[in-house]
Amino acid sequence: MKTALLPGLLVLAAASAAPAHAGAVLAGHRAVYDLALGEASDRSGITALTGRMVYEFNGSPCEGYTVTFRFVTKIETDETTRLTDQQSATFEEGDGKGFRFVTKSYVNSALDKELDGKAELTAKETNVRITKPAGDEIELPVTQFPTQHLLELLQRAESGETFYETTLFDGSDNADQVMTTTVIIGKKSEPKADDPELGPLGAASKQAYWPVTIAYFEPESEKGQEVPIYRIAFKLHENGVTRDLTMDYGDFSMKGKLVNFDAFKPAGDCKAK
């Protein structure tokens, strides 16, 4: 399960990324989602799935952006029950040129994987340095990190675009590749009065949203033959808050319903600091 599931989500130079997306203001917040099984094929073997996802986002262009993320699922089959717990923390520089990530994954309460590293953009590449599990340095194509990816999405949605392709590095898996993504943006809509997720949102419930679908591909996929690793669909509000999630992994999917939301105090004007 990738940390890219929540869009804190074009190959472009970092020097142009920050000015291009400067108009959007992202809301610091803590969001809690209950997870449930959507659909499961016979091939998956899954008979039940429950879980919870907690996502915290905070920061500003002058201070940088922090994200903490916890994703816990209990997956049942006829033979076994598997409890997974992924915990991650990231920091992205406000200008989009640097990204720090730490991830720990547990399976049935035992540590399964730990990843610690950082990435920096240059004019020609994305340089990734891993300190855990072992020291390594990887050179990847120029891309963007999650917050810049989200800011680009909001800018394109506001301008009326409905489809585009881009790339993303989020430090997930082994932090050794840039993911190719395709983004579909639906028509901007006003929340309906009977929407079950409006209660937790409070004042933010009045904001309009776009239905968005993002498909993630291996970078080496050949054009015309791509099969996405997974897809995520969600409602994206103007302040960057996401809800009504559907995560599709091919053989099974899960739903994420917003059940708790806390807005953080605005970061303030960078010019005053």
# chains A, B, ... in the order shown; residues from 1 in each chain; ligands from 1
>>> select_by_dssp(residues="region 29-230 of chain A", states="alpha helix (DSSP H)", output="list in words")
Pro146, Thr147, Gln148, His149, Leu150, Leu151, Glu152, Leu153, Leu154, Gln155, Arg156, Ala157, Glu158, Leu198, Gly199, Pro200 and Leu201 of chain A
>>> residues_around(residues="Glu197 (chain A)", least_positions_apart="3", cutoff="10 Å", atoms="only C-alpha atoms", output="mmCIF file with N, CA, C and O atoms, in the first residue's frame")
data_model
loop_
_atom_site.group_PDB
_atom_site.id
_atom_site.type_symbol
_atom_site.label_atom_id
_atom_site.label_comp_id
_atom_site.auth_asym_id
_atom_site.auth_seq_id
_atom_site.Cartn_x
_atom_site.Cartn_y
_atom_site.Cartn_z
ATOM 1 N N PRO A 191 -21.204 20.320 -2.672
ATOM 2 C CA PRO A 191 -21.629 19.187 -1.835
ATOM 3 C C PRO A 191 -23.147 19.127 -1.698
ATOM 4 O O PRO A 191 -23.815 20.152 -1.616
ATOM 5 N N ASP A 194 -27.281 15.715 1.680
ATOM 6 C CA ASP A 194 -27.345 14.386 2.286
ATOM 7 C C ASP A 194 -26.014 13.639 2.216
ATOM 8 O O ASP A 194 -25.949 12.443 2.491
ATOM 9 N N PRO A 200 -18.365 15.537 9.539
ATOM 10 C CA PRO A 200 -17.011 15.676 10.079
ATOM 11 C C PRO A 200 -16.254 16.883 9.540
ATOM 12 O O PRO A 200 -15.372 17.415 10.220
ATOM 13 N N LEU A 201 -16.590 17.355 8.349
ATOM 14 C CA LEU A 201 -15.833 18.444 7.730
ATOM 15 C C LEU A 201 -16.087 19.801 8.384
ATOM 16 O O LEU A 201 -15.260 20.710 8.279
ATOM 17 N N GLY A 202 -17.214 19.975 9.011
ATOM 18 C CA GLY A 202 -17.505 21.251 9.645
ATOM 19 C C GLY A 202 -17.596 22.375 8.630
ATOM 20 O O GLY A 202 -18.266 22.268 7.605
ATOM 21 N N SER A 205 -17.116 21.925 4.871
ATOM 22 C CA SER A 205 -18.125 21.201 4.094
ATOM 23 C C SER A 205 -18.773 22.062 3.019
ATOM 24 O O SER A 205 -19.406 21.551 2.100
ATOM 25 N N ARG A 243 -11.575 13.189 0.275
ATOM 26 C CA ARG A 243 -12.497 12.291 0.976
ATOM 27 C C ARG A 243 -13.185 11.384 -0.028
ATOM 28 O O ARG A 243 -12.914 11.469 -1.229
ATOM 29 N N ASP A 244 -14.058 10.497 0.474
ATOM 30 C CA ASP A 244 -14.793 9.546 -0.365
ATOM 31 C C ASP A 244 -13.827 8.790 -1.270
ATOM 32 O O ASP A 244 -13.877 8.880 -2.496
ATOM 33 N N LYS A 257 -13.913 6.159 4.077
ATOM 34 C CA LYS A 257 -14.924 7.148 4.435
ATOM 35 C C LYS A 257 -14.373 8.070 5.510
ATOM 36 O O LYS A 257 -13.883 7.615 6.549
ATOM 37 N N LEU A 258 -14.471 9.383 5.286
ATOM 38 C CA LEU A 258 -14.025 10.363 6.264
ATOM 39 C C LEU A 258 -14.933 10.320 7.489
ATOM 40 O O LEU A 258 -16.145 10.492 7.382
ATOM 41 N N VAL A 259 -14.337 10.095 8.679
ATOM 42 C CA VAL A 259 -15.140 10.005 9.902
ATOM 43 C C VAL A 259 -14.741 11.051 10.941
ATOM 44 O O VAL A 259 -15.481 11.285 11.901
ATOM 45 N N ASN A 260 -13.573 11.674 10.770
ATOM 46 C CA ASN A 260 -13.155 12.713 11.703
ATOM 47 C C ASN A 260 -12.238 13.686 10.979
ATOM 48 O O ASN A 260 -11.406 13.276 10.158
ATOM 49 N N PHE A 261 -12.401 14.993 11.288
ATOM 50 C CA PHE A 261 -11.604 16.022 10.619
ATOM 51 C C PHE A 261 -11.323 17.159 11.581
ATOM 52 O O PHE A 261 -12.238 17.672 12.235
#
>>> residues_around(residues="Asn108 (chain A)", least_positions_apart="2", cutoff="10 Å", atoms="only C-alpha atoms", output="PyMOL selection string")
chain A and resi 74+81-85+106+110-112
>>> write_last_selection(atoms="N, CA, C and O atoms", output="PDB file, in the first residue's frame")
ATOM      1  N   LYS A  74      -6.776  -4.864   8.280  1.00  0.00           N
ATOM      2  CA  LYS A  74      -6.909  -6.263   8.663  1.00  0.00           C
ATOM      3  C   LYS A  74      -7.576  -6.981   7.500  1.00  0.00           C
ATOM      4  O   LYS A  74      -8.736  -6.712   7.177  1.00  0.00           O
ATOM      5  N   THR A  81      -5.478 -14.495   8.623  1.00  0.00           N
ATOM      6  CA  THR A  81      -5.795 -13.099   8.889  1.00  0.00           C
ATOM      7  C   THR A  81      -4.469 -12.337   8.937  1.00  0.00           C
ATOM      8  O   THR A  81      -3.551 -12.746   9.660  1.00  0.00           O
ATOM      9  N   ARG A  82      -4.385 -11.252   8.185  1.00  0.00           N
ATOM     10  CA  ARG A  82      -3.136 -10.506   8.076  1.00  0.00           C
ATOM     11  C   ARG A  82      -3.379  -9.056   8.500  1.00  0.00           C
ATOM     12  O   ARG A  82      -4.231  -8.372   7.935  1.00  0.00           O
ATOM     13  N   LEU A  83      -2.626  -8.616   9.490  1.00  0.00           N
ATOM     14  CA  LEU A  83      -2.726  -7.245   9.977  1.00  0.00           C
ATOM     15  C   LEU A  83      -1.497  -6.469   9.517  1.00  0.00           C
ATOM     16  O   LEU A  83      -0.360  -6.831   9.834  1.00  0.00           O
ATOM     17  N   THR A  84      -1.715  -5.418   8.728  1.00  0.00           N
ATOM     18  CA  THR A  84      -0.606  -4.595   8.249  1.00  0.00           C
ATOM     19  C   THR A  84      -0.737  -3.185   8.820  1.00  0.00           C
ATOM     20  O   THR A  84      -1.839  -2.666   8.981  1.00  0.00           O
ATOM     21  N   ASP A  85       0.409  -2.593   9.108  1.00  0.00           N
ATOM     22  CA  ASP A  85       0.446  -1.263   9.715  1.00  0.00           C
ATOM     23  C   ASP A  85       1.602  -0.498   9.081  1.00  0.00           C
ATOM     24  O   ASP A  85       2.770  -0.802   9.330  1.00  0.00           O
ATOM     25  N   TYR A 106       4.740  -2.796   9.360  1.00  0.00           N
ATOM     26  CA  TYR A 106       4.620  -3.939  10.258  1.00  0.00           C
ATOM     27  C   TYR A 106       3.616  -4.926   9.687  1.00  0.00           C
ATOM     28  O   TYR A 106       2.602  -4.529   9.103  1.00  0.00           O
ATOM     29  N   ALA A 110       4.923  -7.326  13.749  1.00  0.00           N
ATOM     30  CA  ALA A 110       6.373  -7.464  13.632  1.00  0.00           C
ATOM     31  C   ALA A 110       6.899  -6.534  12.541  1.00  0.00           C
ATOM     32  O   ALA A 110       6.289  -6.422  11.466  1.00  0.00           O
ATOM     33  N   LEU A 111       8.001  -5.860  12.819  1.00  0.00           N
ATOM     34  CA  LEU A 111       8.578  -4.951  11.833  1.00  0.00           C
ATOM     35  C   LEU A 111       8.974  -5.723  10.585  1.00  0.00           C
ATOM     36  O   LEU A 111       9.762  -6.665  10.637  1.00  0.00           O
ATOM     37  N   ASP A 112       8.411  -5.328   9.451  1.00  0.00           N
ATOM     38  CA  ASP A 112       8.679  -6.003   8.185  1.00  0.00           C
ATOM     39  C   ASP A 112       9.672  -5.228   7.330  1.00  0.00           C
ATOM     40  O   ASP A 112      10.494  -5.815   6.633  1.00  0.00           O
TER      41      ASP A 112
END
>>> closest_residue(among="A:Phe163, A:Phe169, A:Phe264, A:Tyr249", to="Lys118 (chain A)", atoms="only C-alpha atoms")
A:Phe169
>>> residues_around(residues="Thr167 (chain A)", least_positions_apart="5", cutoff="9 Å", atoms="only C-alpha atoms", output="JSON, numbers by chain")
{"A": [10, 11, 142, 143, 144, 145, 149, 178, 179, 180, 181, 182, 219]}
>>> write_last_selection(atoms="N, CA and C atoms", output="mmCIF file, in the first residue's frame")
data_model
loop_
_atom_site.group_PDB
_atom_site.id
_atom_site.type_symbol
_atom_site.label_atom_id
_atom_site.label_comp_id
_atom_site.auth_asym_id
_atom_site.auth_seq_id
_atom_site.Cartn_x
_atom_site.Cartn_y
_atom_site.Cartn_z
ATOM 1 N N LEU A 10 3.813 15.948 -14.763
ATOM 2 C CA LEU A 10 4.613 16.442 -15.896
ATOM 3 C C LEU A 10 6.089 16.434 -15.513
ATOM 4 N N VAL A 11 6.779 16.016 -16.161
ATOM 5 C CA VAL A 11 8.206 16.108 -15.897
ATOM 6 C C VAL A 11 8.603 17.555 -16.097
ATOM 7 N N VAL A 142 14.063 13.680 -13.582
ATOM 8 C CA VAL A 142 13.483 14.852 -12.929
ATOM 9 C C VAL A 142 11.979 14.641 -12.780
ATOM 10 N N THR A 143 11.456 14.945 -11.600
ATOM 11 C CA THR A 143 10.034 14.733 -11.328
ATOM 12 C C THR A 143 9.565 15.784 -10.335
ATOM 13 N N GLN A 144 8.542 15.470 -9.563
ATOM 14 C CA GLN A 144 8.091 16.341 -8.491
ATOM 15 C C GLN A 144 7.677 15.489 -7.304
ATOM 16 N N PHE A 145 7.588 16.140 -6.144
ATOM 17 C CA PHE A 145 7.251 15.458 -4.908
ATOM 18 C C PHE A 145 5.764 15.666 -4.592
ATOM 19 N N HIS A 149 2.897 17.975 -6.495
ATOM 20 C CA HIS A 149 1.967 17.195 -7.326
ATOM 21 C C HIS A 149 0.524 17.599 -7.034
ATOM 22 N N VAL A 178 10.526 6.553 -10.187
ATOM 23 C CA VAL A 178 9.567 7.629 -10.394
ATOM 24 C C VAL A 178 8.327 7.021 -11.029
ATOM 25 N N MET A 179 7.181 7.236 -10.413
ATOM 26 C CA MET A 179 5.945 6.678 -10.933
ATOM 27 C C MET A 179 5.366 7.585 -12.022
ATOM 28 N N THR A 180 4.826 6.965 -13.061
ATOM 29 C CA THR A 180 4.075 7.688 -14.078
ATOM 30 C C THR A 180 2.598 7.658 -13.689
ATOM 31 N N THR A 181 1.929 8.806 -13.784
ATOM 32 C CA THR A 181 0.521 8.851 -13.400
ATOM 33 C C THR A 181 -0.311 9.522 -14.488
ATOM 34 N N THR A 182 -1.555 9.103 -14.587
ATOM 35 C CA THR A 182 -2.533 9.809 -15.415
ATOM 36 C C THR A 182 -3.635 10.312 -14.487
ATOM 37 N N PRO A 219 7.233 2.926 -14.393
ATOM 38 C CA PRO A 219 7.842 3.864 -15.348
ATOM 39 C C PRO A 219 8.274 3.227 -16.659
#
>>> residues_around(residues="region 25-38 of chain A", least_positions_apart="4", cutoff="6 Å", atoms="only C-alpha atoms", output="list in words")
Leu49, Thr50, Gly51, Arg52, Met53, Val54, Tyr55, Glu56, Phe57, Asn58, Asn239, Gly240, Ser253, Met254, Lys255, Gly256, Lys257, Leu258, Val259, Asn260, Phe261, Asp262, Ala263 and Phe264 of chain A
>>> closest_residue(among="A:Glu139, A:Lys188, A:Ser172, A:Lys235", to="Ser159 (chain A)", atoms="only C-alpha atoms")
A:Lys188
>>> select_by_dssp(residues="region 12-160 of chain A", states="strand (DSSP E or B)", output="NGL selection string")
:A and (29-40 or 46-60 or 64-77 or 81-92 or 98-107 or 110-121 or 126-132 or 136-140)
>>> closest_residue(among="A:Lys97, A:Glu226, A:Phe252, A:Thr162", to="Ile75 (chain A)", atoms="only C-alpha atoms")
A:Phe252
>>> closest_atom_pairs(of="region 153-232 of chain A", to="region 128-136 of chain A", cutoff="12 Å", atoms="only C-alpha atoms", output="CSV")
residue,atom,partner,partner_atom,distance
A:Phe169,CA,A:Val128,CA,9.9
A:Asp170,CA,A:Val128,CA,11.0
A:Gly171,CA,A:Val128,CA,9.1
A:Asn174,CA,A:Ile130,CA,9.2
A:Ala175,CA,A:Val128,CA,7.8
A:Asp176,CA,A:Val128,CA,7.8
A:Gln177,CA,A:Val128,CA,9.6
A:Val178,CA,A:Val128,CA,10.8
>>> residues_around(residues="Tyr209 (chain A)", least_positions_apart="5", cutoff="7 Å", atoms="only C-alpha atoms", output="PyMOL selection string")
chain A and resi 188-190+235-238
>>> residues_around(residues="region 42-46 of chain A", least_positions_apart="3", cutoff="6 Å", atoms="only C-alpha atoms", output="ChimeraX atom specification")
/A:76-77,251
>>> write_last_selection(atoms="N, CA and C atoms", output="mmCIF file, in the first residue's frame")
data_model
loop_
_atom_site.group_PDB
_atom_site.id
_atom_site.type_symbol
_atom_site.label_atom_id
_atom_site.label_comp_id
_atom_site.auth_asym_id
_atom_site.auth_seq_id
_atom_site.Cartn_x
_atom_site.Cartn_y
_atom_site.Cartn_z
ATOM 1 N N GLU A 76 -8.702 -10.559 5.742
ATOM 2 C CA GLU A 76 -9.023 -11.951 6.055
ATOM 3 C C GLU A 76 -9.228 -12.754 4.780
ATOM 4 N N THR A 77 -8.700 -13.985 4.789
ATOM 5 C CA THR A 77 -8.980 -14.970 3.753
ATOM 6 C C THR A 77 -9.521 -16.219 4.448
ATOM 7 N N ASP A 251 -7.255 -6.868 -8.205
ATOM 8 C CA ASP A 251 -7.968 -8.031 -7.690
ATOM 9 C C ASP A 251 -8.925 -7.671 -6.560
#
>>> atom_distance(atom1="CA of Val212 (chain A)", atom2="CA of Arg70 (chain A)")
22.2 Å
>>> closest_residue(among="A:Ala119, A:Leu198, A:Ile214, A:Ala203", to="Gly186 (chain A)", atoms="only C-alpha atoms")
A:Ile214
>>> closest_residue(among="A:Lys192, A:Ser105, A:Ser60, A:Met247", to="Lys265 (chain A)", atoms="only C-alpha atoms")
A:Ser60
>>> closest_residue(among="A:Thr242, A:Asp173, A:Asp248, A:Phe234", to="Gln207 (chain A)", atoms="only C-alpha atoms")
A:Thr242
>>> atom_distance(atom1="CA of Glu165 (chain A)", atom2="CA of Ala215 (chain A)")
9.7 Å
>>> decode(residues="region 133-151 of chain A", atoms="C-alpha atoms", output="short mmCIF file (atom, residue, chain, number, x, y, z; two decimals), in the first residue's frame")
data_model
loop_
_atom_site.label_atom_id
_atom_site.label_comp_id
_atom_site.auth_asym_id
_atom_site.auth_seq_id
_atom_site.Cartn_x
_atom_site.Cartn_y
_atom_site.Cartn_z
CA PRO A 133 18.12 -0.32 5.31
CA ALA A 134 21.54 0.26 3.71
CA GLY A 135 23.37 3.27 2.30
CA ASP A 136 22.62 3.73 -1.39
CA GLU A 137 22.41 6.54 -3.92
CA ILE A 138 20.03 6.43 -6.89
CA GLU A 139 19.73 8.77 -9.86
CA LEU A 140 16.19 9.10 -11.27
CA PRO A 141 14.55 11.33 -13.89
CA VAL A 142 13.48 14.85 -12.93
CA THR A 143 10.03 14.73 -11.33
CA GLN A 144 8.09 16.34 -8.49
CA PHE A 145 7.25 15.46 -4.91
CA PRO A 146 3.76 14.93 -3.39
CA THR A 147 2.86 18.47 -2.32
CA GLN A 148 3.91 20.00 -5.64
CA HIS A 149 1.97 17.20 -7.33
CA LEU A 150 -1.15 18.17 -5.35
CA LEU A 151 -0.67 21.89 -6.06
#
